[in-house]
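A.B. asks: As input, take my_file_1.cif (mmCIF, C-alpha atoms):
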```cif
data_upload
#
loop_
_atom_site.label_atom_id
_atom_site.label_comp_id
_atom_site.auth_asym_id
_atom_site.auth_seq_id
_atom_site.Cartn_x
_atom_site.Cartn_y
_atom_site.Cartn_z
CA MET A 201 83.85 60.88 59.00
CA LEU A 202 81.09 58.33 59.40
CA VAL A 203 79.58 59.93 62.53
CA LEU A 204 79.32 63.32 60.84
CA LYS A 205 77.62 61.77 57.80
CA LEU A 206 75.25 60.02 60.19
CA PHE A 207 74.51 63.34 61.92
CA TRP A 208 73.83 64.99 58.58
CA GLU A 209 71.44 62.23 57.42
CA PHE A 210 69.41 62.55 60.62
CA PHE A 211 69.52 66.34 60.49
CA LYS A 212 67.99 66.29 56.99
CA ILE A 213 65.36 63.79 58.13
CA GLY A 214 64.53 65.85 61.23
CA ALA A 215 64.03 68.92 59.08
CA PHE A 216 61.52 67.16 56.82
CA THR A 217 59.55 65.13 59.35
CA PHE A 218 55.93 66.21 59.42
CA GLY A 219 53.22 64.38 61.31
CA GLY A 220 55.24 62.74 64.07
CA GLY A 221 58.02 60.21 64.49
CA TYR A 222 56.39 57.40 62.54
CA ALA A 223 56.75 59.48 59.41
CA MET A 224 60.51 59.23 59.97
CA ILE A 225 60.65 55.45 59.49
CA SER A 226 60.55 55.52 55.71
CA MET A 227 63.06 58.37 55.59
CA VAL A 228 65.52 56.65 57.91
CA LYS A 229 65.21 53.42 55.95
CA THR A 230 65.76 55.20 52.62
CA ALA A 231 68.82 57.03 53.98
CA LEU A 232 70.53 54.35 56.09
CA VAL A 233 69.53 51.11 54.36
CA ASP A 234 68.79 51.85 50.70
CA LYS A 235 71.15 54.76 50.02
CA ARG A 236 74.10 54.44 52.41
CA LYS A 237 73.83 50.69 53.09
CA TRP A 238 75.04 51.20 56.68
CA LEU A 239 72.45 48.73 57.96
CA SER A 240 70.89 45.59 56.54
CA GLU A 241 67.09 45.45 56.29
CA ASP A 242 66.92 42.94 59.15
CA GLU A 243 69.07 45.09 61.43
CA PHE A 244 66.89 48.08 60.60
CA TRP A 245 63.59 46.38 61.49
CA GLU A 246 65.19 45.06 64.67
CA CYS A 247 65.96 48.67 65.66
CA ILE A 248 62.38 49.74 64.85
CA THR A 249 60.95 46.96 67.02
CA LEU A 250 63.21 47.99 69.92
CA ALA A 251 62.47 51.70 69.45
CA GLN A 252 58.71 51.08 69.54
CA SER A 253 58.86 48.66 72.44
CA LEU A 254 60.51 51.08 74.85
CA PRO A 255 59.16 54.24 76.44
CA GLY A 256 60.29 57.62 75.22
CA VAL A 257 60.07 59.54 71.97
CA PHE A 258 59.90 57.02 69.14
CA ALA A 259 61.97 59.15 66.76
CA ILE A 260 64.68 59.60 69.38
CA ASN A 261 64.72 55.89 70.20
CA MET A 262 64.98 55.09 66.50
CA ALA A 263 67.91 57.51 66.09
CA LEU A 264 69.64 56.08 69.17
CA TYR A 265 69.38 52.42 68.12
CA THR A 266 70.24 52.84 64.46
CA GLY A 267 73.03 55.28 65.40
CA PHE A 268 74.46 52.82 67.91
CA LYS A 269 74.35 49.93 65.43
CA ILE A 270 76.23 51.95 62.85
CA CYS A 271 78.77 53.80 64.96
CA GLY A 272 78.56 52.86 68.64
CA LYS A 273 78.01 55.43 71.37
CA SER A 274 79.12 58.46 69.39
CA GLY A 275 76.86 57.33 66.55
CA ALA A 276 73.89 57.15 68.91
CA ALA A 277 74.62 60.60 70.34
CA LEU A 278 75.08 62.31 66.98
CA ALA A 279 72.09 60.60 65.35
CA MET A 280 69.93 61.78 68.25
CA ALA A 281 71.31 65.31 68.06
CA GLY A 282 70.71 65.36 64.30
CA ALA A 283 67.11 64.23 64.69
CA ALA A 284 66.25 66.77 67.41
CA LEU A 285 68.28 69.81 66.34
CA PRO A 286 66.15 70.99 63.37
CA SER A 287 63.10 71.07 65.67
CA VAL A 288 64.87 73.17 68.24
CA ILE A 289 66.33 75.62 65.72
CA ILE A 290 63.13 76.06 63.72
CA ILE A 291 60.89 76.43 66.76
CA VAL A 292 63.15 78.90 68.54
CA LEU A 293 63.14 80.98 65.34
CA ILE A 294 59.38 80.76 64.90
CA ALA A 295 58.63 81.44 68.56
CA SER A 296 60.93 84.47 68.46
CA PHE A 297 59.60 86.09 65.32
CA ILE A 298 56.16 84.82 64.38
CA GLN A 299 53.23 84.77 66.73
CA ASN A 300 50.89 82.51 64.81
CA ILE A 301 51.63 80.61 61.61
CA ASN A 302 48.37 78.68 61.74
CA GLY A 303 46.36 81.58 60.34
CA LEU A 304 48.31 81.85 57.07
CA LYS A 305 46.36 80.42 54.12
CA THR A 306 49.48 79.35 52.22
CA VAL A 307 50.65 77.32 55.23
CA LYS A 308 47.23 75.64 55.43
CA ASP A 309 47.30 74.77 51.71
CA ILE A 310 50.80 73.32 51.92
CA PHE A 311 49.78 71.14 54.87
CA ALA A 312 46.64 69.98 53.11
CA GLY A 313 49.04 68.53 50.53
CA ILE A 314 51.56 67.12 53.01
CA ARG A 315 49.08 65.33 55.32
CA PRO A 316 47.92 62.53 52.96
CA CYS A 317 51.55 62.09 51.84
CA VAL A 318 52.60 61.54 55.46
CA ILE A 319 49.86 58.97 56.02
CA ALA A 320 51.10 57.05 52.99
CA LEU A 321 54.69 57.35 54.24
CA ILE A 322 53.66 55.76 57.54
CA LEU A 323 51.58 53.04 55.90
CA VAL A 324 54.34 51.86 53.54
CA PRO A 325 56.94 50.92 56.22
CA GLY A 326 54.14 49.26 58.19
CA LEU A 327 53.43 47.05 55.19
CA THR A 328 57.11 46.42 54.51
CA MET A 329 57.56 45.36 58.12
CA LEU A 330 54.65 42.93 57.76
CA LYS A 331 56.48 41.25 54.90
CA LYS A 332 59.65 41.09 57.03
CA ALA A 333 57.75 39.45 59.91
CA LYS A 334 57.32 36.33 57.70
CA LEU A 335 53.79 35.61 58.84
CA ASP A 336 52.14 32.25 58.27
CA LYS A 337 48.75 30.66 58.88
CA ARG A 338 49.33 30.61 62.63
CA THR A 339 50.54 34.18 63.03
CA PHE A 340 48.83 36.31 60.33
CA TRP A 341 46.19 37.53 62.82
CA ILE A 342 48.72 39.17 65.18
CA PRO A 343 49.19 42.48 63.31
CA ILE A 344 45.48 42.65 62.40
CA LEU A 345 44.49 42.19 66.03
CA ALA A 346 47.09 44.74 67.23
CA CYS A 347 45.85 47.29 64.69
CA LEU A 348 42.17 46.75 65.57
CA ALA A 349 42.83 46.84 69.32
CA VAL A 350 44.42 50.29 68.99
CA CYS A 351 42.09 51.77 66.35
CA LEU A 352 38.72 50.43 67.54
CA LEU A 353 39.15 49.71 71.23
CA GLY A 354 41.63 52.46 72.01
CA ILE A 355 43.91 50.05 73.89
CA SER A 356 47.30 51.56 74.72
CA PRO A 357 50.19 50.04 72.74
CA VAL A 358 52.04 49.49 76.03
CA TYR A 359 49.75 46.58 76.91
CA LEU A 360 50.15 45.01 73.48
CA ILE A 361 53.94 45.17 73.77
CA ILE A 362 53.83 43.67 77.28
CA VAL A 363 51.58 40.82 76.10
CA ALA A 364 53.93 40.22 73.15
CA ILE A 365 56.97 40.03 75.43
CA ILE A 366 55.23 37.61 77.84
CA ALA A 367 54.05 35.44 74.93
CA GLY A 368 57.60 35.41 73.57
CA ILE A 369 59.06 34.35 76.90
CA ILE A 370 56.49 31.51 77.22
CA LEU A 371 57.33 30.38 73.67
CA ALA A 372 61.03 30.43 74.51
CA LYS A 373 60.47 28.33 77.66
CA TYR A 374 58.38 25.89 75.64
CA ALA A 375 61.01 25.67 72.89
CA LEU A 376 63.80 25.09 75.40
CA ARG A 377 61.89 22.35 77.18
CA ASN A 378 61.19 20.53 73.92
CA SER A 379 64.73 20.68 72.66
CA MET B 262 63.39 77.21 89.72
CA VAL B 263 61.72 77.00 86.37
CA PHE B 264 64.62 75.09 84.78
CA LEU B 265 64.42 72.34 87.39
CA GLN B 266 60.67 72.15 86.91
CA LEU B 267 61.10 71.91 83.13
CA PHE B 268 63.68 69.16 83.61
CA TRP B 269 61.41 67.19 85.94
CA VAL B 270 58.24 67.51 83.81
CA PHE B 271 59.90 66.38 80.59
CA PHE B 272 62.06 63.71 82.18
CA LYS B 273 58.90 62.09 83.59
CA ILE B 274 57.18 62.26 80.23
CA GLY B 275 60.22 60.78 78.48
CA LEU B 276 60.26 57.95 81.00
CA PHE B 277 56.56 57.07 81.05
CA GLY B 278 55.51 58.35 77.65
CA PHE B 279 54.62 55.57 75.32
CA GLY B 280 52.80 54.94 72.09
CA GLY B 281 53.90 57.81 69.90
CA GLY B 282 53.73 61.57 69.99
CA TYR B 283 50.00 61.95 70.41
CA THR B 284 49.79 60.23 73.81
CA MET B 285 52.80 62.21 75.02
CA VAL B 286 51.22 65.44 73.96
CA SER B 287 48.22 64.84 76.24
CA MET B 288 50.60 63.97 79.10
CA ILE B 289 52.44 67.26 78.51
CA ARG B 290 49.09 69.10 78.58
CA MET B 291 48.25 67.60 81.98
CA GLU B 292 51.53 68.84 83.47
CA VAL B 293 51.78 72.19 81.74
CA VAL B 294 48.13 73.32 81.85
CA ASP B 295 46.56 71.47 84.79
CA GLY B 296 49.67 70.89 86.91
CA TYR B 297 51.93 73.95 86.73
CA GLY B 298 49.48 76.36 85.12
CA TRP B 299 52.17 77.67 82.76
CA MET B 300 49.55 78.34 80.11
CA THR B 301 45.80 78.10 79.46
CA ALA B 302 44.23 75.21 77.59
CA GLY B 303 43.65 77.51 74.61
CA GLU B 304 47.27 78.64 74.54
CA TYR B 305 48.37 75.02 74.68
CA ALA B 306 46.07 74.13 71.78
CA ASP B 307 47.68 76.90 69.68
CA LEU B 308 51.15 75.71 70.68
CA LEU B 309 50.21 72.16 69.72
CA ALA B 310 48.95 73.25 66.31
CA MET B 311 52.29 74.99 65.75
CA SER B 312 54.16 71.86 66.87
CA GLN B 313 52.30 69.81 64.29
CA MET B 314 53.07 72.29 61.54
CA THR B 315 56.78 72.58 62.21
CA PRO B 316 59.10 69.77 61.14
CA GLY B 317 60.37 67.24 63.67
CA PRO B 318 58.84 64.73 66.09
CA ILE B 319 55.72 66.28 67.68
CA SER B 320 56.67 65.65 71.31
CA ILE B 321 60.13 67.18 70.75
CA ASN B 322 58.51 70.22 69.13
CA THR B 323 56.03 70.63 71.97
CA ALA B 324 58.80 70.31 74.58
CA THR B 325 60.89 72.91 72.75
CA PHE B 326 57.92 75.28 72.53
CA VAL B 327 56.96 74.93 76.19
CA GLY B 328 60.59 75.28 77.26
CA PHE B 329 60.97 78.42 75.16
CA THR B 330 57.89 80.09 76.60
CA GLN B 331 59.08 79.35 80.15
CA GLY B 332 62.82 79.86 79.93
CA GLY B 333 63.91 81.14 76.52
CA ILE B 334 66.51 79.25 74.46
CA LEU B 335 68.05 77.59 77.52
CA GLY B 336 64.59 76.48 78.62
CA SER B 337 63.89 74.89 75.24
CA VAL B 338 67.22 73.05 75.23
CA ILE B 339 66.66 71.77 78.78
CA ALA B 340 63.10 70.61 78.02
CA THR B 341 64.21 68.76 74.88
CA LEU B 342 67.24 67.11 76.47
CA SER B 343 65.20 66.04 79.52
CA LEU B 344 62.68 64.41 77.20
CA CYS B 345 65.47 62.43 75.50
CA LEU B 346 67.40 61.52 78.65
CA PRO B 347 65.28 58.50 79.76
CA SER B 348 65.65 57.01 76.26
CA ILE B 349 69.43 57.34 76.52
CA ILE B 350 69.54 55.72 79.97
CA LEU B 351 67.20 52.89 78.95
CA MET B 352 69.20 52.31 75.80
CA SER B 353 72.37 51.55 77.73
CA PHE B 354 70.50 48.83 79.63
CA VAL B 355 68.82 47.42 76.56
CA ILE B 356 72.05 47.30 74.61
CA ALA B 357 73.72 45.44 77.47
CA LEU B 358 70.86 42.94 77.57
CA PHE B 359 69.85 42.73 73.95
CA PHE B 360 72.99 42.86 71.88
CA LYS B 361 74.90 40.53 74.22
CA HIS B 362 72.19 37.88 74.46
CA LYS B 363 70.93 38.24 70.92
CA GLU B 364 71.10 34.51 70.19
CA SER B 365 69.25 33.50 73.36
CA PRO B 366 65.69 32.23 72.78
CA TYR B 367 64.58 34.60 75.54
CA VAL B 368 65.51 37.49 73.25
CA LYS B 369 64.75 35.88 69.89
CA LYS B 370 61.21 34.69 70.62
CA PRO B 371 59.92 37.94 72.17
CA MET B 372 61.44 39.86 69.23
CA ALA B 373 59.71 37.47 66.81
CA VAL B 374 56.35 38.14 68.45
CA MET B 375 56.93 41.87 68.85
CA THR B 376 57.79 42.48 65.19
CA PRO B 377 54.27 41.74 63.80
CA VAL B 378 52.71 43.61 66.76
CA VAL B 379 54.84 46.68 66.01
CA ALA B 380 53.94 46.42 62.31
CA GLY B 381 50.26 46.45 63.35
CA LEU B 382 50.89 49.46 65.60
CA ILE B 383 52.56 51.42 62.81
CA ILE B 384 49.69 50.66 60.44
CA SER B 385 47.21 51.69 63.16
CA ALA B 386 49.00 55.06 63.43
CA ALA B 387 48.41 55.60 59.71
CA VAL B 388 44.79 54.44 59.94
CA MET B 389 44.02 56.77 62.84
CA MET B 390 45.34 59.76 60.90
CA CYS B 391 42.80 59.14 58.11
CA ASP B 392 40.13 61.69 59.00
CA LYS B 393 38.30 64.51 57.23
CA GLU B 394 41.05 66.93 58.13
CA SER B 395 43.61 64.85 56.22
CA PHE B 396 41.44 64.12 53.18
CA THR B 397 39.98 67.46 52.22
CA SER B 398 39.71 67.16 48.43
CA VAL B 399 40.32 64.92 45.42
CA LEU B 400 43.91 66.08 45.56
CA SER B 401 44.37 64.41 48.97
CA TYR B 402 43.41 61.00 47.55
CA VAL B 403 45.65 61.51 44.52
CA ILE B 404 48.62 62.46 46.72
CA PHE B 405 47.98 59.49 49.01
CA GLY B 406 47.78 57.02 46.09
CA VAL B 407 50.77 58.44 44.25
CA THR B 408 52.91 58.42 47.42
CA VAL B 409 52.07 54.79 48.24
CA VAL B 410 52.94 53.63 44.71
CA ALA B 411 56.01 55.88 44.34
CA HIS B 412 57.48 54.93 47.71
CA TYR B 413 56.48 51.25 47.94
CA PHE B 414 57.23 50.18 44.38
CA PHE B 415 59.73 52.75 43.13
CA LYS B 416 61.44 53.67 46.41
CA VAL B 417 61.19 57.39 45.65
CA ASN B 418 62.85 59.44 48.40
CA PRO B 419 60.25 60.40 51.07
CA ILE B 420 61.72 63.89 51.54
CA LEU B 421 61.18 64.58 47.82
CA LEU B 422 57.62 63.26 48.08
CA ILE B 423 56.87 65.57 51.02
CA ILE B 424 58.24 68.61 49.17
CA LEU B 425 56.24 67.75 46.02
CA SER B 426 53.06 67.19 48.06
CA GLY B 427 53.50 70.56 49.76
CA ILE B 428 53.95 72.28 46.38
CA ALA B 429 50.89 70.44 45.01
CA GLY B 430 48.79 71.60 48.00
CA TRP B 431 50.00 75.17 47.55
CA LEU B 432 49.20 75.21 43.79
CA TRP B 433 45.78 73.60 44.43
CA GLY B 434 45.03 76.37 46.94
CA LEU B 435 45.91 79.03 44.34
CA CYS B 436 43.38 77.69 41.79
#
```
Produce structure tokens that represent the structure in this file.

C.D. replies:
Amino acid sequence: MLVLKLFWEFFKIGAFTFGGGYAMISMVKTALVDKRKWLSEDEFWECITLAQSLPGVFAINMALYTGFKICGKSGAALAMAGAALPSVIIIVLIASFIQNINGLKTVKDIFAGIRPCVIALILVPGLTMLKKAKLDKRTFWIPILACLAVCLLGISPVYLIIVAIIAGIILAKYALRNS
Amino acid sequence: MVFLQLFWVFFKIGLFGFGGGYTMVSMIRMEVVDGYGWMTAGEYADLLAMSQMTPGPISINTATFVGFTQGGILGSVIATLSLCLPSIILMSFVIALFFKHKESPYVKKPMAVMTPVVAGLIISAAVMMCDKESFTSVLSYVIFGVTVVAHYFFKVNPILLIILSGIAGWLWGLC
């Protein structure tokens, strides 16, 4: 059953996501594109763009869009459930039995190892997506500017997405008029 | 009714939350600490630290935690589902618009501009995580470098890389 396999892939990913939803991108790509070949690379990056451009939890959006592409509505529902379920199970267990895991030295050491790995795992899909965007002399500054605006000026990504959508609509109007 | 309140708080955050887990987490703090007074700022900080240490998206973890403290298992399920609900509703609209008009220039051009912007946003998320807390020793730099090379060039499975990094951090702590 395709939907059950989809659920299982997202369940595994949910259980190993540390450091937020962005860390999921490389895992989802490895599972759905490279390993299972359920999506093409282009379809995958299209889903990522949509997931990031809409409000809500990025990881959930990503599960919904890739799940829908692969298996329709039931795919979207089960991918979402798979991504969220490990969190719910693990946290209910922890909250029931352990008061504070932060104090444990072993936990701290393990996370000291995981943190730089997660940063790398977020950086790599960002770079891969840059390649996919097929930038040229006229457009290479777009990702640099977006990155600097967020990191240095603290501008909310919402505004950048809105500007991008408006720019796209103007370009479309312009292209239609010229054709 | 605490369940209705949980639903409303997390539905709002799911609807207006934007820009990744960390912005959502501060929105949740405003509601939970300042708004409803369900917990103190200190308790929320502890809860947040736990959410970052447990697997899964951070905002989902935080919602589950808050829901559990307020309404047990049912509370955690309600909080998590409410957080996801706006995404589900929006998706049905977007699919109707996007997948049906995929070839229209009014969809194609905005997507073409958004893709490099989103790439920049993802890279910025990685850049902003690079602080002293993430790079504590030589080992951190080694793990970072090895992961980039292993994943980018050799497509090593990210889950395996996370497990190995955790083991490396644990062994380093033992020495």

A.B. asks: Between atom CA of B:Phe360 and atom CA of B:Gly317, measure the distance and give it in Å to one decimal.

C.D. replies: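 Calculated distance between atom CA of B:Phe360 and atom CA of B:Gly317 is 28.7 Å.
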
A.B. asks: With distances taken over all atoms listed in the file, which residue among A:Gly214, A:Pro357, A:Gly272, A:Gly368 lies nearest B:Ser353?

C.D. replies: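 With all atoms listed in the file as the atom set, the closest residue is A:Gly272.
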
A.B. asks: In the coordinate frame of the file, compute which residues have an atom within 10 Å of (65.7, 61.9, 66.6) when using all atoms listed in the file, and state them as a VMD selection string.

C.D. replies: (chain A and resid 210 to 211 213 to 214 221 224 257 to 264 267 276 to 287) or (chain B and resid 317 to 318 321 345)

A.B. asks: As an MDAnalysis selection string, could you give me every residue of chain A near chain B (at most 6 Å apart, counting all atoms listed in the file)?

C.D. replies: chainID A and resid 214:218 220:221 227 249 255:256 287 309:310 312:317 319:320 322:323 326 329:330 333 343 346:347 357 364:365 368:369 372

A.B. asks: Rounded to one decimal place, report the atom CA of A:Glu243-atom CA of A:Val358 distance in Å.

C.D. replies: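 Going from atom CA of A:Glu243 over to atom CA of A:Val358 covers 22.9 Å.
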
A.B. asks: One decimal, in Å: what's the spacing between atom CA of A:Leu376 and atom CA of A:Ser240?

C.D. replies: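 Those two atoms sit 28.7 Å apart.
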
A.B. asks: Taking the file as shown, find all residues satisfying the PyMOL selection byres ((chain B and resi 266) around 12) and write them as number ranges by chain.

C.D. replies: B: 262-265, 267-273, 292-293, 296-297, 299, 327-328, 331-332, 336, 339-340, 343

A.B. asks: Now that the selection is made, can you save its residues with C-alpha atoms as a short mmCIF file (atom, residue, chain, number, x, y, z; two decimals), in the coordinates of the input?

C.D. replies:
```
data_model
loop_
_atom_site.label_atom_id
_atom_site.label_comp_id
_atom_site.auth_asym_id
_atom_site.auth_seq_id
_atom_site.Cartn_x
_atom_site.Cartn_y
_atom_site.Cartn_z
CA MET B 262 63.39 77.21 89.72
CA VAL B 263 61.72 77.00 86.37
CA PHE B 264 64.62 75.09 84.78
CA LEU B 265 64.42 72.34 87.39
CA LEU B 267 61.10 71.91 83.13
CA PHE B 268 63.68 69.16 83.61
CA TRP B 269 61.41 67.19 85.94
CA VAL B 270 58.24 67.51 83.81
CA PHE B 271 59.90 66.38 80.59
CA PHE B 272 62.06 63.71 82.18
CA LYS B 273 58.90 62.09 83.59
CA GLU B 292 51.53 68.84 83.47
CA VAL B 293 51.78 72.19 81.74
CA GLY B 296 49.67 70.89 86.91
CA TYR B 297 51.93 73.95 86.73
CA TRP B 299 52.17 77.67 82.76
CA VAL B 327 56.96 74.93 76.19
CA GLY B 328 60.59 75.28 77.26
CA GLN B 331 59.08 79.35 80.15
CA GLY B 332 62.82 79.86 79.93
CA GLY B 336 64.59 76.48 78.62
CA ILE B 339 66.66 71.77 78.78
CA ALA B 340 63.10 70.61 78.02
CA SER B 343 65.20 66.04 79.52
#
```

A.B. asks: Excluding stretch 268-271 of chain A and any residue of its chain fewer than 4 positions from it, enumerate the residues within 8 Å of it, using all atoms listed in the file, and give them as a list in words.

C.D. replies: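 That gives Leu202, Val203, Trp238, Leu239, Leu264, Gly275 and Ala276 of chain A.
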
A.B. asks: Output C-alpha atoms of each residue in that selection to a file, as a PDB file, keeping the file's coordinate frame.

C.D. replies:
```
ATOM      1  CA  LEU A 202      81.090  58.330  59.400  1.00  0.00           C
ATOM      2  CA  VAL A 203      79.580  59.930  62.530  1.00  0.00           C
ATOM      3  CA  TRP A 238      75.040  51.200  56.680  1.00  0.00           C
ATOM      4  CA  LEU A 239      72.450  48.730  57.960  1.00  0.00           C
ATOM      5  CA  LEU A 264      69.640  56.080  69.170  1.00  0.00           C
ATOM      6  CA  GLY A 275      76.860  57.330  66.550  1.00  0.00           C
ATOM      7  CA  ALA A 276      73.890  57.150  68.910  1.00  0.00           C
TER       8      ALA A 276
END
```

A.B. asks: Measuring atom to atom with only C-alpha atoms, identify which of B:Ala302, B:Ala411, B:Leu309, B:Leu335 is nearest to A:Val324.

C.D. replies: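 Closest residue, counting only C-alpha atoms: B:Ala411.
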
A.B. asks: For each of A:Leu304, A:Ile294, A:Cys247, A:Leu204, take the minimum atom-to-atom distance to A:Lys229, counting all atoms listed in the file, then give the residue where this is smallest.

C.D. replies: A:Cys247
